[in-house]
Amino acid sequence: MNPDNHPCFNVRAHKSFGRVHLPVAPRCNVQCRFCNRKFDCVNESRPGVASGILTPGRAMTYLEKVLAGRKNIAVVGIAGPGDPFANPDETLDTLRRVREAYPEMILCTATNGLNLAPYVDDLAALSVSHVTVTVNAVDPDVGAGIYAWVRHEKRVLRAEKGTEVLLAHQTAAIEKLKACGITVKVNSIIIPGINDDHIPAVAEYVAALGVDILNCVPYYPNRGSAFEDLAEPSPEMVDQVRKAAGKHVRQMRHCTRCRADAAGLLGEAPDRGLMETLKACERLPETPTSRMPSVGRTRVAVASMEGVLVNQHLGEASRLLIYGKKNGTVTLIEARETPPRGGGFERWAQLAKSLSDCGTLLVSGIGETPRQTLSESGLDVLEIEGLIDDAVRAVFEGENIKHLVKHNMSACGAGCRGTGMGCG
């Protein structure tokens, strides 16, 4: 394992040594205004995009297939498509498996840094040698224009407060990484009119923390994001920002804005064959579609119109049926009211809090905002159709319920037959 062979950290290595990102981390704990994560977009090459989501076990099957066809892979990384440490169990499990199976492989992660510090010792124990932390602002006023919200310790923080908390945790994480001897790269997204003239201050700040390299990444317009109409920075702007930031810390200039499932050399076009392989691995019967509720989440919530079938869109459910085990038998515990319609994001944040004892939510349809909010809170959200008794029992027993999973998704991301009036 030669750390100098990491193509993102060493410009001399990027034409000879490749990397593979394993997309095992779907949830994110920060909402950037420039980000609209889509998991299946073969024509885009940017962070936050992947062809599928893998469990740690399926990721190892996929990695084996990648390495069989790509002999120049020197690095295995986890970069999303959410944040690795909003999914710490999946991230660390995957890294452990890779280290055991391929002891000479370079391991790395890329994160927003919010929940990184508690896991730095684990990374060091696994000989993870390279970590990238994205720092877009060191001034809360600037950060408030970049981040819509930050979720920390089950609280949703907005604007300046969220940025303050994020920066404090990024700082602590970087300091801990450097104390462990881990090479640190900071990514800063150049967003015209938002932080382009602020990035030199970011560079000065992170240089004082001892980071090894700074990557000033040009913003990429993402359809559906708050910044979708914002123009990409010009090459002249990018060059000026890098020159100014370069006065404080060494610059990376060969970044190709890698996908969360990137494989091969930097700059290579996405390999459609590997994308299909990834999708095939995602479908492998390695683990059941349903999951036992996680520790502390011992119940299952169900959206139902009459109490017999899973047949209601979450946005139109005024109550959810809560199931649990009593004396070893799965039974209905209570009917729990949902927050009133019209609250937007706050409605789903409140619902996430009220379902903190539930590990799984069964619905017939769900919008993208509630799906993301509830998933990031730790809920396993499944869109299915069928008898409640069969579905709930299967979840508790860890059985496969793939035959119940809906496939007729609508444009909003849900298999919705409702009016759509309750999605806000």
# chains A, B, ... in the order shown; residues from 1 in each chain; ligands from 1
>>> select_by_dssp(residues="stretch 45-265 of chain A", states="strand (DSSP E)", output="PyMOL selection string")
chain A and resi 73-78+106-111+130-134+147-152+155-158+183-190+213-218+251-252+263-264
>>> residues_around(residues="stretch 196-209 of chain A", least_positions_apart="2", cutoff="6 Å", atoms="only C-alpha atoms", output="PyMOL selection string")
chain A and resi 138+190-192+211+244-245+248-249
>>> write_last_selection(atoms="N, CA and C atoms", output="short mmCIF file (atom, residue, chain, number, x, y, z; two decimals), in the first residue's frame")
data_model
loop_
_atom_site.label_atom_id
_atom_site.label_comp_id
_atom_site.auth_asym_id
_atom_site.auth_seq_id
_atom_site.Cartn_x
_atom_site.Cartn_y
_atom_site.Cartn_z
N VAL A 138 -16.34 29.57 6.02
CA VAL A 138 -15.91 29.69 7.41
C VAL A 138 -16.53 30.93 8.05
N ILE A 190 -16.76 26.26 -5.64
CA ILE A 190 -16.77 27.66 -6.09
C ILE A 190 -18.16 27.97 -6.62
N ILE A 191 -18.92 28.78 -5.88
CA ILE A 191 -20.29 29.13 -6.25
C ILE A 191 -20.32 30.62 -6.57
N PRO A 192 -20.43 30.99 -7.85
CA PRO A 192 -20.34 32.41 -8.24
C PRO A 192 -21.36 33.28 -7.50
N VAL A 211 -4.14 21.08 6.86
CA VAL A 211 -4.58 20.23 5.74
C VAL A 211 -3.48 20.16 4.68
N ALA A 244 -5.50 32.62 -5.68
CA ALA A 244 -5.60 33.29 -4.38
C ALA A 244 -5.53 32.29 -3.24
N ALA A 245 -6.22 31.16 -3.38
CA ALA A 245 -6.20 30.14 -2.34
C ALA A 245 -4.84 29.47 -2.24
N HIS A 248 -2.07 30.06 0.36
CA HIS A 248 -2.17 29.52 1.72
C HIS A 248 -1.95 28.01 1.78
N VAL A 249 -2.37 27.28 0.73
CA VAL A 249 -2.27 25.82 0.78
C VAL A 249 -2.15 25.28 -0.64
#
>>> closest_atom_pairs(of="stretch 47-144 of chain A", to="stretch 374-385 of chain A", cutoff="12 Å", atoms="only C-alpha atoms", output="Markdown table")
| residue | atom | partner | partner_atom | distance |
| --- | --- | --- | --- | --- |
| A:Gly82 | CA | A:Glu376 | CA | 9.3 |
| A:Asp83 | CA | A:Glu376 | CA | 10.1 |
| A:Pro84 | CA | A:Glu376 | CA | 11.9 |
| A:Phe85 | CA | A:Glu376 | CA | 11.1 |
| A:Ala86 | CA | A:Glu376 | CA | 7.4 |
| A:Asn87 | CA | A:Glu376 | CA | 8.7 |
| A:Pro88 | CA | A:Gly378 | CA | 11.4 |
| A:Asp89 | CA | A:Gly378 | CA | 11.5 |
>>> closest_residue(among="A:Ala349, A:Ile174, A:Val135, A:Val76", to="A:Leu107", atoms="only C-alpha atoms")
A:Val76
>>> closest_residue(among="A:Asn327, A:Thr360, A:Asn222, A:Asn112", to="A:Gln170", atoms="only C-alpha atoms")
A:Asn112
>>> residues_around(residues="stretch 371-373 of chain A", least_positions_apart="2", cutoff="12 Å", atoms="only C-alpha atoms", output="ChimeraX atom specification")
/A:26-31,36-38,82,149-151,154-156,313-315,344-353,355,360-363,365-369,375-383,412-414,423
>>> closest_residue(among="A:Gly143, A:Gly18, A:Gly398, A:Pro370", to="A:Ile73", atoms="only C-alpha atoms")
A:Gly18
>>> residues_around(residues="A:Asp357", least_positions_apart="3", cutoff="9 Å", atoms="only C-alpha atoms", output="mmCIF file with N, CA and C atoms, in the first residue's frame")
data_model
loop_
_atom_site.group_PDB
_atom_site.id
_atom_site.type_symbol
_atom_site.label_atom_id
_atom_site.label_comp_id
_atom_site.auth_asym_id
_atom_site.auth_seq_id
_atom_site.Cartn_x
_atom_site.Cartn_y
_atom_site.Cartn_z
ATOM 1 N N GLY A 296 -32.990 0.288 19.370
ATOM 2 C CA GLY A 296 -33.733 1.436 19.859
ATOM 3 C C GLY A 296 -34.947 1.770 19.009
ATOM 4 N N ARG A 297 -35.060 1.114 17.846
ATOM 5 C CA ARG A 297 -36.205 1.348 16.957
ATOM 6 C C ARG A 297 -36.891 0.003 16.753
ATOM 7 N N THR A 298 -37.760 -0.328 17.661
ATOM 8 C CA THR A 298 -38.306 -1.677 17.709
ATOM 9 C C THR A 298 -39.720 -1.777 17.153
ATOM 10 N N ARG A 299 -40.175 -0.738 16.467
ATOM 11 C CA ARG A 299 -41.542 -0.755 15.952
ATOM 12 C C ARG A 299 -41.582 -0.453 14.453
ATOM 13 N N VAL A 300 -42.748 -0.720 13.869
ATOM 14 C CA VAL A 300 -42.969 -0.499 12.440
ATOM 15 C C VAL A 300 -44.192 0.388 12.278
ATOM 16 N N LYS A 353 -39.292 12.877 14.250
ATOM 17 C CA LYS A 353 -39.120 12.864 15.708
ATOM 18 C C LYS A 353 -40.153 11.973 16.374
ATOM 19 N N SER A 354 -41.410 12.048 15.900
ATOM 20 C CA SER A 354 -42.469 11.255 16.529
ATOM 21 C C SER A 354 -42.315 9.766 16.235
#
>>> atom_distance(atom1="atom CA of A:Lys178", atom2="atom CA of A:Asp93")
23.0 Å
>>> closest_residue(among="A:Leu22, A:Leu114, A:Ala260, A:Ala231", to="A:Ala168", atoms="only C-alpha atoms")
A:Leu114
>>> select_by_dssp(residues="stretch 114-333 of chain A", states="helix (DSSP H, G or I)", output="number ranges by chain")
A: 117-125, 140-144, 159-179, 199-208, 235-245, 272-282, 314-316
>>> residues_around(residues="A:Ala179", least_positions_apart="2", cutoff="12 Å", atoms="only C-alpha atoms", output="ChimeraX atom specification")
/A:117,120-121,124,172-177,181-184,209-211
